[in-house]
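The next block holds one structure in the form of structure tokens; read it before the comments.
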Amino acid sequence: FSEIQYFSSHPLIDHFAWARVIDGKVARAFAIGDEGVIWNKGRAGKEEKALGLKLFELRGVRGRSGDAGGEILIYPTEQHIMQLAAKWSIDPTTLPMAHATPGLGLVATPPASWRAEVQTRKAA
């Protein structure tokens, strides 16, 4: 029995993801960004459901534009990601980081040079 877990949180660009691979097979994977759900494989388990995250589709209006169409998403937060990590195994923010190199390792703060890209338009 081997298990690999992946957790990603990048609030500046509204990107959050988690995945669980058991014996070489993806048991659960979910990723969401500002464009919506990117990856959704497998069923959410009790640990994920306990976080209270939801993806609602308004029945009969999928793909329509305006206020009446599309999905309602409750986005995860960094705290949700770490709570899920703790429920699956261990919250990586609790690991000692005394010898970690910034930008490498299990948990790291992105370098300051990785700023969220902001586009500005000049008035025509």
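Every chain in the structure tokens has a letter given in the order shown (A, B, ...), and although residue numbers restart at 1 in each chain, ligands are simply numbered from 1 in the order shown.
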Who sits within 8 Å of Leu84 of chain A, only C-alpha atoms, same chain under 4 positions skipped, as a PDB file with all heavy atoms, in the first residue's frame:
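The resulting file, result.pdb, is shown below:
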```
ATOM      1  N   GLU A  47     -13.816  13.512   4.601  1.00  0.00           N
ATOM      2  CA  GLU A  47     -12.926  14.576   5.068  1.00  0.00           C
ATOM      3  C   GLU A  47     -13.122  15.846   4.237  1.00  0.00           C
ATOM      4  O   GLU A  47     -13.171  16.944   4.769  1.00  0.00           O
ATOM      5  CB  GLU A  47     -11.455  14.150   4.979  1.00  0.00           C
ATOM      6  CG  GLU A  47     -11.105  12.895   5.737  1.00  0.00           C
ATOM      7  CD  GLU A  47     -11.201  11.627   4.885  1.00  0.00           C
ATOM      8  OE1 GLU A  47     -11.713  11.697   3.756  1.00  0.00           O
ATOM      9  OE2 GLU A  47     -10.756  10.574   5.371  1.00  0.00           O
ATOM     10  N   GLU A  48     -13.247  15.671   2.941  1.00  0.00           N
ATOM     11  CA  GLU A  48     -13.451  16.808   2.043  1.00  0.00           C
ATOM     12  C   GLU A  48     -14.850  17.404   2.240  1.00  0.00           C
ATOM     13  O   GLU A  48     -15.013  18.632   2.285  1.00  0.00           O
ATOM     14  CB  GLU A  48     -13.256  16.356   0.603  1.00  0.00           C
ATOM     15  CG  GLU A  48     -13.164  17.473  -0.388  1.00  0.00           C
ATOM     16  CD  GLU A  48     -12.844  16.969  -1.784  1.00  0.00           C
ATOM     17  OE1 GLU A  48     -12.194  15.910  -1.937  1.00  0.00           O
ATOM     18  OE2 GLU A  48     -13.256  17.656  -2.735  1.00  0.00           O
ATOM     19  N   LEU A  51     -15.402  19.920   5.022  1.00  0.00           N
ATOM     20  CA  LEU A  51     -14.926  21.292   4.844  1.00  0.00           C
ATOM     21  C   LEU A  51     -16.050  22.224   4.411  1.00  0.00           C
ATOM     22  O   LEU A  51     -15.926  23.437   4.489  1.00  0.00           O
ATOM     23  CB  LEU A  51     -13.792  21.341   3.813  1.00  0.00           C
ATOM     24  CG  LEU A  51     -12.536  20.558   4.160  1.00  0.00           C
ATOM     25  CD1 LEU A  51     -11.551  20.627   3.001  1.00  0.00           C
ATOM     26  CD2 LEU A  51     -11.909  21.072   5.444  1.00  0.00           C
ATOM     27  N   HIS A  80      -8.637  25.707   4.340  1.00  0.00           N
ATOM     28  CA  HIS A  80      -9.306  24.466   3.934  1.00  0.00           C
ATOM     29  C   HIS A  80      -8.291  23.425   3.463  1.00  0.00           C
ATOM     30  O   HIS A  80      -8.398  22.242   3.803  1.00  0.00           O
ATOM     31  CB  HIS A  80     -10.302  24.727   2.793  1.00  0.00           C
ATOM     32  CG  HIS A  80     -11.531  25.458   3.202  1.00  0.00           C
ATOM     33  ND1 HIS A  80     -11.901  26.638   2.630  1.00  0.00           N
ATOM     34  CD2 HIS A  80     -12.487  25.166   4.121  1.00  0.00           C
ATOM     35  CE1 HIS A  80     -13.033  27.060   3.174  1.00  0.00           C
ATOM     36  NE2 HIS A  80     -13.403  26.187   4.083  1.00  0.00           N
ATOM     37  N   TRP A  88      -6.280  13.967   6.059  1.00  0.00           N
ATOM     38  CA  TRP A  88      -5.732  12.854   5.283  1.00  0.00           C
ATOM     39  C   TRP A  88      -4.481  12.289   5.929  1.00  0.00           C
ATOM     40  O   TRP A  88      -4.225  11.101   5.850  1.00  0.00           O
ATOM     41  CB  TRP A  88      -5.416  13.305   3.864  1.00  0.00           C
ATOM     42  CG  TRP A  88      -6.595  13.365   2.953  1.00  0.00           C
ATOM     43  CD1 TRP A  88      -7.907  13.117   3.257  1.00  0.00           C
ATOM     44  CD2 TRP A  88      -6.574  13.697   1.564  1.00  0.00           C
ATOM     45  NE1 TRP A  88      -8.698  13.289   2.155  1.00  0.00           N
ATOM     46  CE2 TRP A  88      -7.904  13.645   1.091  1.00  0.00           C
ATOM     47  CE3 TRP A  88      -5.563  14.048   0.682  1.00  0.00           C
ATOM     48  CZ2 TRP A  88      -8.236  13.917  -0.229  1.00  0.00           C
ATOM     49  CZ3 TRP A  88      -5.908  14.319  -0.629  1.00  0.00           C
ATOM     50  CH2 TRP A  88      -7.227  14.254  -1.082  1.00  0.00           C
ATOM     51  N   ASP A  91      -0.948  18.104   8.742  1.00  0.00           N
ATOM     52  CA  ASP A  91      -0.932  19.488   8.279  1.00  0.00           C
ATOM     53  C   ASP A  91       0.534  19.864   8.051  1.00  0.00           C
ATOM     54  O   ASP A  91       1.309  19.924   8.995  1.00  0.00           O
ATOM     55  CB  ASP A  91      -1.572  20.391   9.329  1.00  0.00           C
ATOM     56  CG  ASP A  91      -1.532  21.864   8.980  1.00  0.00           C
ATOM     57  OD1 ASP A  91      -0.782  22.262   8.070  1.00  0.00           O
ATOM     58  OD2 ASP A  91      -2.242  22.627   9.647  1.00  0.00           O
TER      59      ASP A  91
END
```
- prompt: If you count only C-alpha atoms, which residues fall within 12 Å of Glu78 of chain A, apart from same-chain ones fewer than 6 positions away, as a count of residues only?
  reply: 17
field: Separation of atom CA of Gln83 of chain A from atom CA of Gly24 of chain A in Å
entry: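 One can read the atom CA of Gly24 of chain A to atom CA of Gln83 of chain A distance as 24.0 Å.
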query: Where in segment 2-96 of chain A does DSSP assign strand (DSSP E or B), given as a VMD selection string?
result: chain A and resid 3 to 10 15 to 22 25 to 33 36 to 41 55 to 57 71 to 73
field: 10 Å contact set for Val37 of chain A, only C-alpha atoms, chain neighbours under 3 positions out, as a list in words
entry: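 Once the nearby chain positions are removed, what remains is His15, Phe16, Ala17, Phe30, Ala31, Ile32, Gly33, Asp34, Asn40, Leu55, Leu73 and Tyr75 of chain A.
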message: So the first atom is atom CA of Ile13 of chain A and the second is atom CA of Ala27 of chain A; what is the distance between them in Å, to one decimal place?
response: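 Computing it gives 26.0 Å between the two atoms.
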task: Have a look at atom CA of Lys41 of chain A and atom CA of Val26 of chain A and let me know their distance in Å, one decimal.
output: 7.6 Å
